[in-house]
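Q: Quick one: the structure is below, questions incoming.
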Amino acid sequence: MLAYLRDVLKTAEKEKIAIGAFNVPNWESAEAVIQAAEETERPVILNYAPVHAPFLSMNDAAEIMLYFAGKAKVPVCVHLDHGDSFDRCMQAIRLGFTSVMIDASSLPYEENVNVTTAVVRAAHAVGVSVEAEVGHIFASVTGVGETPAEVETKDSFKNINDVYTQPETAKDFKERTDVDALAIAFGTSHGIYVTKPVLDLDRITKIRAAVKMPFVMHGGSGLSTEQFQTAVKNGIRKINYYTYMTLSGGRAVKSALDKMAAADNVFFHDIPNIAIQAMKENVKQAILTFSNEI
């Protein structure tokens, strides 16, 4: 059933868990996530990120995600991940997304506040939830990314406190924007970790003491069960997860094709289901981890 971000986050807060948000760059990933959600009987969030436009347009993604959300037996939020402009967020709302993320975190703080406020005002007018970001979440999508130590050497950041979210900043941002959820930076990284992450999990607790609202973890793939569950205990209520989900599908297909190498015939219709089943199992493990069930 189609749900709103604010509603599934209320469930997360009540149960002291985090809701998994899984990126959908194709039909197969959406099917895998919904199967996992139904088998675990947990709500989920289907994400679409503009970075996946080469694989799937936002228009097509909306139709796929809304289709699966509409027929699902559990609450499913359809969410724009890392919306890069006011116009992109408005496009998502017109397509039927039930929540949007405006990511203006790369802009100067006051500009981030202004852009986020404009999106919140427009989205709330039609009942759509909004997520925003304060701080700098590292990126290592290609395997050669940033770590906290590398960022510290950049001219754009004088020290690590310019990178991680500050409690007083989060409080000010919430008061001025009325955003529904806030992605905070405490050392996680998008993509595959090439070095051990330097996490400041206590920072989540400090931010939560300053402002009571749902917090979001980006770049969570690759963390240990203990790290995930400590983050949830400290106040994370939404966890974005994609890299290791899609890797599981790719590795399963590769393994199957290796076994089929000597076969005369390989049927393409077998391949997507191999990926779906592998991704489903990976997503189930993630959902159970975020729900403190393993």
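Residue numbering restarts at 1 in every chain; chains get A, B, ... in the order shown in the structure tokens, and ligands count up from 1 in that same order.
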Within 8 Å of A:Val119, counting only C-alpha atoms, which residues show up once you throw out same-chain ones fewer than 4 positions away? Write them as a ChimeraX atom specification, please.

A: /A:86,89-90,102,115,123,130

Q: I need the residues of stretch 86-291 of chain A that end up classed as helix (DSSP H, G or I) by DSSP on the backbone, written out as number ranges by chain.

A: A: 86-95, 109-124, 148-152, 160-162, 167-177, 202-210, 225-234, 243-259, 270-290

Q: Please list as an NGL selection string every residue within 9 Å of A:Pro167, counting only C-alpha atoms and excluding residues in the same chain fewer than 6 positions away.

A: :A and (203-204 or 206-211)

Q: Next, write the just-selected residues to a file, as a PDB file, in the first residue's frame, keeping C-alpha atoms as the atom set.

A:
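Listed below is the output, selection.pdb:
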ATOM      1  CA  ARG A 203      27.331  12.228  17.384  1.00  0.00           C
ATOM      2  CA  ILE A 204      23.874  10.874  16.542  1.00  0.00           C
ATOM      3  CA  LYS A 206      24.290  14.438  20.651  1.00  0.00           C
ATOM      4  CA  ILE A 207      22.286  15.673  17.658  1.00  0.00           C
ATOM      5  CA  ARG A 208      19.174  13.919  18.946  1.00  0.00           C
ATOM      6  CA  ALA A 209      19.602  15.638  22.303  1.00  0.00           C
ATOM      7  CA  ALA A 210      19.585  18.981  20.502  1.00  0.00           C
ATOM      8  CA  VAL A 211      16.596  18.335  18.228  1.00  0.00           C
TER       9      VAL A 211
END

Q: Between atom CA of A:Glu293 and atom CA of A:Lys16, what is the spacing in Å?

A: 11.8 Å

Q: Nearest to A:Ala21 among A:Ala263, A:Val51, A:Ala181, A:Val216, with distances taken over only C-alpha atoms: which residue is it?

A: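 Once distances to A:Ala21 are computed over only C-alpha atoms, the minimum belongs to A:Val216.
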
Q: To test your reading of the structure, identify every residue in stretch 6-224 of chain A that backbone DSSP assigns to strand (DSSP E or B), and report it as a CSV table (one decimal) with all heavy atoms, in the first residue's frame.

A:
chain,number,residue,atom,x,y,z
A,19,ILE,N,13.7,2.3,9.1
A,19,ILE,CA,13.1,1.8,7.9
A,19,ILE,C,14.1,1.8,6.8
A,19,ILE,O,14.8,2.8,6.5
A,19,ILE,CB,11.9,2.7,7.5
A,19,ILE,CG1,10.9,2.8,8.6
A,19,ILE,CG2,11.2,2.1,6.2
A,19,ILE,CD1,10.3,1.6,9.1
A,20,GLY,N,14.2,0.7,6.0
A,20,GLY,CA,15.1,0.6,4.9
A,20,GLY,C,14.7,1.3,3.7
A,20,GLY,O,13.5,1.2,3.3
A,21,ALA,N,15.6,2.1,3.1
A,21,ALA,CA,15.3,2.8,1.9
A,21,ALA,C,16.2,2.3,0.8
A,21,ALA,O,17.4,2.4,0.9
A,21,ALA,CB,15.5,4.3,2.1
A,22,PHE,N,15.6,1.6,-0.2
A,22,PHE,CA,16.4,0.9,-1.2
A,22,PHE,C,16.2,1.5,-2.6
A,22,PHE,O,15.1,1.7,-3.1
A,22,PHE,CB,15.9,-0.6,-1.2
A,22,PHE,CG,16.0,-1.2,0.1
A,22,PHE,CD1,14.9,-1.2,1.0
A,22,PHE,CD2,17.2,-1.8,0.5
A,22,PHE,CE1,15.0,-1.8,2.2
A,22,PHE,CE2,17.3,-2.4,1.8
A,22,PHE,CZ,16.2,-2.4,2.6
A,23,ASN,N,17.3,1.8,-3.3
A,23,ASN,CA,17.3,2.4,-4.6
A,23,ASN,C,16.8,1.5,-5.7
A,23,ASN,O,17.1,0.3,-5.6
A,23,ASN,CB,18.7,3.0,-5.0
A,23,ASN,CG,19.0,4.3,-4.2
A,23,ASN,OD1,19.2,4.3,-3.0
A,23,ASN,ND2,18.9,5.4,-4.9
A,44,VAL,N,8.8,-0.4,3.8
A,44,VAL,CA,10.0,-0.1,3.1
A,44,VAL,C,9.8,1.2,2.4
A,44,VAL,O,8.7,1.7,2.2
A,44,VAL,CB,10.5,-1.2,2.1
A,44,VAL,CG1,11.0,-2.4,2.9
A,44,VAL,CG2,9.4,-1.5,1.1
A,45,ILE,N,10.9,1.8,1.9
A,45,ILE,CA,11.0,3.0,1.1
A,45,ILE,C,11.6,2.6,-0.2
A,45,ILE,O,12.8,2.1,-0.2
A,45,ILE,CB,11.7,4.1,1.8
A,45,ILE,CG1,11.0,4.5,3.1
A,45,ILE,CG2,11.8,5.3,0.9
A,45,ILE,CD1,11.9,5.3,4.1
A,46,LEU,N,11.0,2.9,-1.3
A,46,LEU,CA,11.6,2.7,-2.6
A,46,LEU,C,12.2,4.1,-3.1
A,46,LEU,O,11.4,5.1,-3.2
A,46,LEU,CB,10.5,2.3,-3.7
A,46,LEU,CG,9.9,0.9,-3.5
A,46,LEU,CD1,8.9,0.6,-4.6
A,46,LEU,CD2,11.0,-0.2,-3.4
A,47,ASN,N,13.5,4.1,-3.3
A,47,ASN,CA,14.2,5.3,-3.6
A,47,ASN,C,14.4,5.4,-5.1
A,47,ASN,O,14.7,4.4,-5.8
A,47,ASN,CB,15.6,5.4,-3.0
A,47,ASN,CG,15.5,5.9,-1.6
A,47,ASN,OD1,14.5,6.4,-1.1
A,47,ASN,ND2,16.7,5.7,-0.9
A,48,TYR,N,14.3,6.6,-5.7
A,48,TYR,CA,14.9,6.8,-7.0
A,48,TYR,C,15.8,8.0,-6.9
A,48,TYR,O,15.5,9.1,-6.4
A,48,TYR,CB,13.8,7.2,-8.0
A,48,TYR,CG,14.4,7.5,-9.4
A,48,TYR,CD1,14.8,6.5,-10.2
A,48,TYR,CD2,14.6,8.9,-9.8
A,48,TYR,CE1,15.4,6.8,-11.5
A,48,TYR,CE2,15.2,9.2,-11.0
A,48,TYR,CZ,15.6,8.1,-11.8
A,48,TYR,OH,16.2,8.4,-13.0
A,76,VAL,N,4.5,1.2,1.7
A,76,VAL,CA,5.7,1.4,0.8
A,76,VAL,C,5.7,2.9,0.5
A,76,VAL,O,4.7,3.4,-0.1
A,76,VAL,CB,5.6,0.6,-0.5
A,76,VAL,CG1,6.8,1.0,-1.4
A,76,VAL,CG2,5.6,-0.9,-0.2
A,77,CYS,N,6.7,3.6,0.8
A,77,CYS,CA,6.9,5.0,0.5
A,77,CYS,C,7.7,5.1,-0.8
A,77,CYS,O,8.6,4.4,-1.0
A,77,CYS,CB,7.6,5.7,1.6
A,77,CYS,SG,8.0,7.4,1.3
A,78,VAL,N,7.3,6.0,-1.7
A,78,VAL,CA,8.0,6.2,-3.0
A,78,VAL,C,8.7,7.6,-2.8
A,78,VAL,O,8.1,8.6,-2.7
A,78,VAL,CB,7.0,6.2,-4.1
A,78,VAL,CG1,7.7,6.6,-5.4
A,78,VAL,CG2,6.3,4.9,-4.3
A,79,HIS,N,10.0,7.5,-2.9
A,79,HIS,CA,10.9,8.6,-2.4
A,79,HIS,C,11.9,9.1,-3.5
A,79,HIS,O,12.5,8.2,-4.1
A,79,HIS,CB,11.6,8.2,-1.1
A,79,HIS,CG,12.5,9.2,-0.5
A,79,HIS,ND1,12.1,10.3,0.1
A,79,HIS,CD2,13.9,9.2,-0.5
A,79,HIS,CE1,13.1,11.0,0.6
A,79,HIS,NE2,14.2,10.4,0.2
A,80,LEU,N,12.0,10.4,-3.6
A,80,LEU,CA,13.1,10.9,-4.5
A,80,LEU,C,14.4,11.0,-3.6
A,80,LEU,O,14.4,11.8,-2.6
A,80,LEU,CB,12.8,12.3,-5.0
A,80,LEU,CG,13.9,13.0,-5.8
A,80,LEU,CD1,14.3,12.2,-7.1
A,80,LEU,CD2,13.5,14.4,-6.1
A,81,ASP,N,15.4,10.4,-4.0
A,81,ASP,CA,16.7,10.4,-3.2
A,81,ASP,C,17.6,11.4,-3.8
A,81,ASP,O,17.8,11.5,-5.1
A,81,ASP,CB,17.3,9.0,-3.2
A,81,ASP,CG,18.5,8.9,-2.4
A,81,ASP,OD1,18.6,9.6,-1.3
A,81,ASP,OD2,19.4,8.1,-2.7
A,82,HIS,N,18.2,12.3,-3.0
A,82,HIS,CA,19.2,13.3,-3.5
A,82,HIS,C,18.7,14.1,-4.6
A,82,HIS,O,19.3,14.3,-5.7
A,82,HIS,CB,20.5,12.6,-3.9
A,82,HIS,CG,21.3,12.1,-2.7
A,82,HIS,ND1,22.0,12.9,-1.8
A,82,HIS,CD2,21.5,10.8,-2.3
A,82,HIS,CE1,22.5,12.2,-0.9
A,82,HIS,NE2,22.2,10.9,-1.1
A,83,GLY,N,17.5,14.7,-4.5
A,83,GLY,CA,17.0,15.6,-5.4
A,83,GLY,C,17.9,16.8,-5.5
A,83,GLY,O,18.2,17.4,-4.4
A,99,SER,N,7.3,11.3,-1.1
A,99,SER,CA,8.3,12.1,-0.3
A,99,SER,C,9.4,12.5,-1.3
A,99,SER,O,9.7,11.8,-2.3
A,99,SER,CB,8.8,11.4,0.9
A,99,SER,OG,9.6,10.3,0.6
A,100,VAL,N,10.1,13.5,-0.9
A,100,VAL,CA,11.3,14.0,-1.7
A,100,VAL,C,12.4,14.4,-0.8
A,100,VAL,O,12.2,14.8,0.3
A,100,VAL,CB,10.9,15.2,-2.7
A,100,VAL,CG1,9.9,14.8,-3.7
A,100,VAL,CG2,10.5,16.4,-1.9
A,101,MET,N,13.6,14.1,-1.3
A,101,MET,CA,14.8,14.7,-0.6
A,101,MET,C,15.4,15.8,-1.4
A,101,MET,O,15.7,15.6,-2.6
A,101,MET,CB,15.9,13.6,-0.4
A,101,MET,CG,17.1,14.2,0.3
A,101,MET,SD,18.5,13.1,0.2
A,101,MET,CE,19.7,14.0,1.2
A,102,ILE,N,15.5,17.0,-0.8
A,102,ILE,CA,16.2,18.1,-1.5
A,102,ILE,C,17.6,18.1,-0.9
A,102,ILE,O,17.8,18.2,0.4
A,102,ILE,CB,15.5,19.4,-1.3
A,102,ILE,CG1,16.4,20.5,-1.9
A,102,ILE,CG2,15.1,19.7,0.1
A,102,ILE,CD1,16.6,20.4,-3.4
A,129,SER,N,6.1,14.6,2.1
A,129,SER,CA,7.1,14.7,3.1
A,129,SER,C,8.4,15.2,2.5
A,129,SER,O,8.7,14.9,1.3
A,129,SER,CB,7.3,13.4,3.9
A,129,SER,OG,6.1,12.9,4.3
A,130,VAL,N,9.3,15.8,3.3
A,130,VAL,CA,10.6,16.2,2.8
A,130,VAL,C,11.7,15.8,3.7
A,130,VAL,O,11.7,16.0,4.9
A,130,VAL,CB,10.6,17.8,2.6
A,130,VAL,CG1,12.0,18.3,2.0
A,130,VAL,CG2,9.5,18.3,1.7
A,131,GLU,N,12.8,15.3,3.0
A,131,GLU,CA,14.1,15.1,3.7
A,131,GLU,C,15.1,16.0,3.2
A,131,GLU,O,15.1,16.4,2.0
A,131,GLU,CB,14.5,13.6,3.4
A,131,GLU,CG,15.9,13.3,4.0
A,131,GLU,CD,16.4,11.9,3.5
A,131,GLU,OE1,15.5,11.1,3.1
A,131,GLU,OE2,17.6,11.6,3.5
A,132,ALA,N,16.0,16.4,4.0
A,132,ALA,CA,17.1,17.3,3.6
A,132,ALA,C,18.4,16.8,4.2
A,132,ALA,O,18.4,15.8,4.9
A,132,ALA,CB,16.9,18.8,3.9
A,133,GLU,N,19.5,17.5,3.9
A,133,GLU,CA,20.8,17.0,4.4
A,133,GLU,C,21.6,18.2,4.9
A,133,GLU,O,21.7,19.3,4.3
A,133,GLU,CB,21.6,16.3,3.3
A,133,GLU,CG,23.0,15.8,3.7
A,133,GLU,CD,23.6,15.0,2.6
A,133,GLU,OE1,22.9,14.2,1.9
A,133,GLU,OE2,24.9,15.2,2.4
A,134,VAL,N,22.3,18.0,6.1
A,134,VAL,CA,23.2,19.0,6.6
A,134,VAL,C,24.5,18.2,7.0
A,134,VAL,O,24.5,17.2,7.6
A,134,VAL,CB,22.7,19.6,7.9
A,134,VAL,CG1,23.8,20.5,8.6
A,134,VAL,CG2,21.5,20.5,7.6
A,138,PHE,N,30.4,11.3,2.6
A,138,PHE,CA,31.5,10.9,1.7
A,138,PHE,C,31.0,10.1,0.5
A,138,PHE,O,29.9,9.5,0.6
A,138,PHE,CB,32.6,10.2,2.4
A,138,PHE,CG,33.1,10.9,3.7
A,138,PHE,CD1,32.8,10.3,4.9
A,138,PHE,CD2,33.7,12.1,3.6
A,138,PHE,CE1,33.2,11.0,6.1
A,138,PHE,CE2,34.1,12.8,4.7
A,138,PHE,CZ,33.8,12.3,6.0
A,139,ALA,N,31.8,10.0,-0.5
A,139,ALA,CA,31.3,9.3,-1.7
A,139,ALA,C,32.5,8.4,-2.2
A,139,ALA,O,33.6,8.9,-2.4
A,139,ALA,CB,30.9,10.2,-2.8
A,140,SER,N,32.2,7.1,-2.4
A,140,SER,CA,33.2,6.2,-3.0
A,140,SER,C,32.6,5.2,-3.9
A,140,SER,O,32.9,4.1,-3.9
A,140,SER,CB,34.0,5.5,-1.9
A,140,SER,OG,33.1,4.8,-1.1
A,181,ALA,N,12.5,15.0,7.9
A,181,ALA,CA,13.6,14.1,8.2
A,181,ALA,C,14.9,14.7,7.8
A,181,ALA,O,15.0,15.5,6.8
A,181,ALA,CB,13.4,12.8,7.5
A,182,LEU,N,16.0,14.4,8.5
A,182,LEU,CA,17.3,15.0,8.2
A,182,LEU,C,18.4,14.0,8.1
A,182,LEU,O,18.6,13.2,9.0
A,182,LEU,CB,17.6,16.0,9.4
A,182,LEU,CG,18.9,16.9,9.2
A,182,LEU,CD1,18.7,17.8,8.0
A,182,LEU,CD2,19.2,17.7,10.4
A,183,ALA,N,19.1,14.0,6.9
A,183,ALA,CA,20.2,13.2,6.7
A,183,ALA,C,21.4,13.9,7.4
A,183,ALA,O,21.7,15.0,7.1
A,183,ALA,CB,20.5,13.0,5.2
A,184,ILE,N,22.1,13.1,8.3
A,184,ILE,CA,23.2,13.7,9.0
A,184,ILE,C,24.5,13.0,8.7
A,184,ILE,O,24.5,11.8,8.3
A,184,ILE,CB,22.9,13.7,10.5
A,184,ILE,CG1,22.6,12.2,11.0
A,184,ILE,CG2,21.8,14.6,10.9
A,184,ILE,CD1,22.5,12.1,12.5
A,189,SER,N,29.9,6.5,4.2
A,189,SER,CA,30.3,6.8,2.8
A,189,SER,C,29.4,6.1,1.8
A,189,SER,O,29.1,4.9,2.0
A,189,SER,CB,31.7,6.5,2.6
A,189,SER,OG,32.1,6.7,1.2
A,190,HIS,N,29.0,6.8,0.7
A,190,HIS,CA,28.3,6.1,-0.4
A,190,HIS,C,29.2,5.2,-1.1
A,190,HIS,O,30.4,5.5,-1.3
A,190,HIS,CB,27.7,7.2,-1.4
A,190,HIS,CG,26.7,8.0,-0.8
A,190,HIS,ND1,25.4,7.6,-0.6
A,190,HIS,CD2,26.7,9.3,-0.5
A,190,HIS,CE1,24.6,8.6,-0.1
A,190,HIS,NE2,25.4,9.7,-0.1
A,191,GLY,N,28.7,4.0,-1.5
A,191,GLY,CA,29.5,3.1,-2.3
A,191,GLY,C,30.2,2.1,-1.5
A,191,GLY,O,29.9,1.8,-0.4
A,215,PHE,N,16.2,11.0,12.0
A,215,PHE,CA,17.5,11.2,11.3
A,215,PHE,C,17.7,10.0,10.3
A,215,PHE,O,17.2,8.9,10.5
A,215,PHE,CB,18.6,11.2,12.3
A,215,PHE,CG,18.5,12.4,13.3
A,215,PHE,CD1,18.4,12.2,14.6
A,215,PHE,CD2,18.5,13.7,12.8
A,215,PHE,CE1,18.3,13.2,15.5
A,215,PHE,CE2,18.3,14.7,13.7
A,215,PHE,CZ,18.3,14.5,15.0
A,216,VAL,N,18.5,10.4,9.3
A,216,VAL,CA,18.7,9.4,8.1
A,216,VAL,C,20.1,9.1,8.0
A,216,VAL,O,21.0,10.0,8.1
A,216,VAL,CB,18.1,10.0,6.8
A,216,VAL,CG1,18.3,9.0,5.7
A,216,VAL,CG2,16.6,10.4,7.0
A,217,MET,N,20.5,7.9,7.8
A,217,MET,CA,21.8,7.4,7.5
A,217,MET,C,21.9,7.2,6.0
A,217,MET,O,21.2,6.4,5.4
A,217,MET,CB,22.2,6.2,8.2
A,217,MET,CG,23.6,5.6,7.8
A,217,MET,SD,23.8,3.9,8.3
A,217,MET,CE,24.1,4.1,10.1

Q: Find, counting only C-alpha atoms, the residue in A:Pro43, A:Lys259, A:Met245, A:Met1 that gets nearest to A:Lys280.

A: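 So, comparing all the options, the nearest one is A:Met245.
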
Q: What separation in Å, quoted to one decimal, exists between atom CA of A:Glu175 and atom CA of A:His136?

A: 20.1 Å

Q: Counting only C-alpha atoms, which residue out of A:Thr98, A:Thr205, A:Gln285, A:Thr165 sits closest to A:Gly187?

A: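 Smallest separation from A:Gly187 among the options: A:Thr165.
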
Q: Neighbours of A:Gly220 within 7 Å (only C-alpha atoms; same-chain residues fewer than 3 positions away dropped), as a PyMOL selection string?

A: chain A and resi 188-189+217+223+239-241

Q: How about saving the chosen residues, C-alpha atoms kept, as a PDB file, in the first residue's frame?

A:
ATOM      1  CA  THR A 188      29.540   6.981   6.511  1.00  0.00           C
ATOM      2  CA  SER A 189      30.274   6.843   2.789  1.00  0.00           C
ATOM      3  CA  MET A 217      21.818   7.438   7.456  1.00  0.00           C
ATOM      4  CA  LEU A 223      28.743  -1.535   7.936  1.00  0.00           C
ATOM      5  CA  ILE A 239      18.744   3.909   6.368  1.00  0.00           C
ATOM      6  CA  ASN A 240      19.596   4.214   2.681  1.00  0.00           C
ATOM      7  CA  TYR A 241      20.957   0.957   1.302  1.00  0.00           C
TER       8      TYR A 241
END

Q: Select, from A:Ala12, A:Val128, A:Asn59, A:Ala3, the residue with the minimum atom-to-atom distance to A:Met213, counting only C-alpha atoms.

A: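 Under the stated criterion, the closest residue is A:Ala12.
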
Q: Quick one: distance from atom CA of A:Arg176 to atom CA of A:His124 in Å, one decimal?

A: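 It comes out at 14.6 Å.
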
Q: Could you tell me which of A:Ala170, A:Val179, A:Ile274, A:Ala256 comes closest to A:Leu5 if we count only C-alpha atoms?

A: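 So, comparing all the options, the nearest one is A:Val179.
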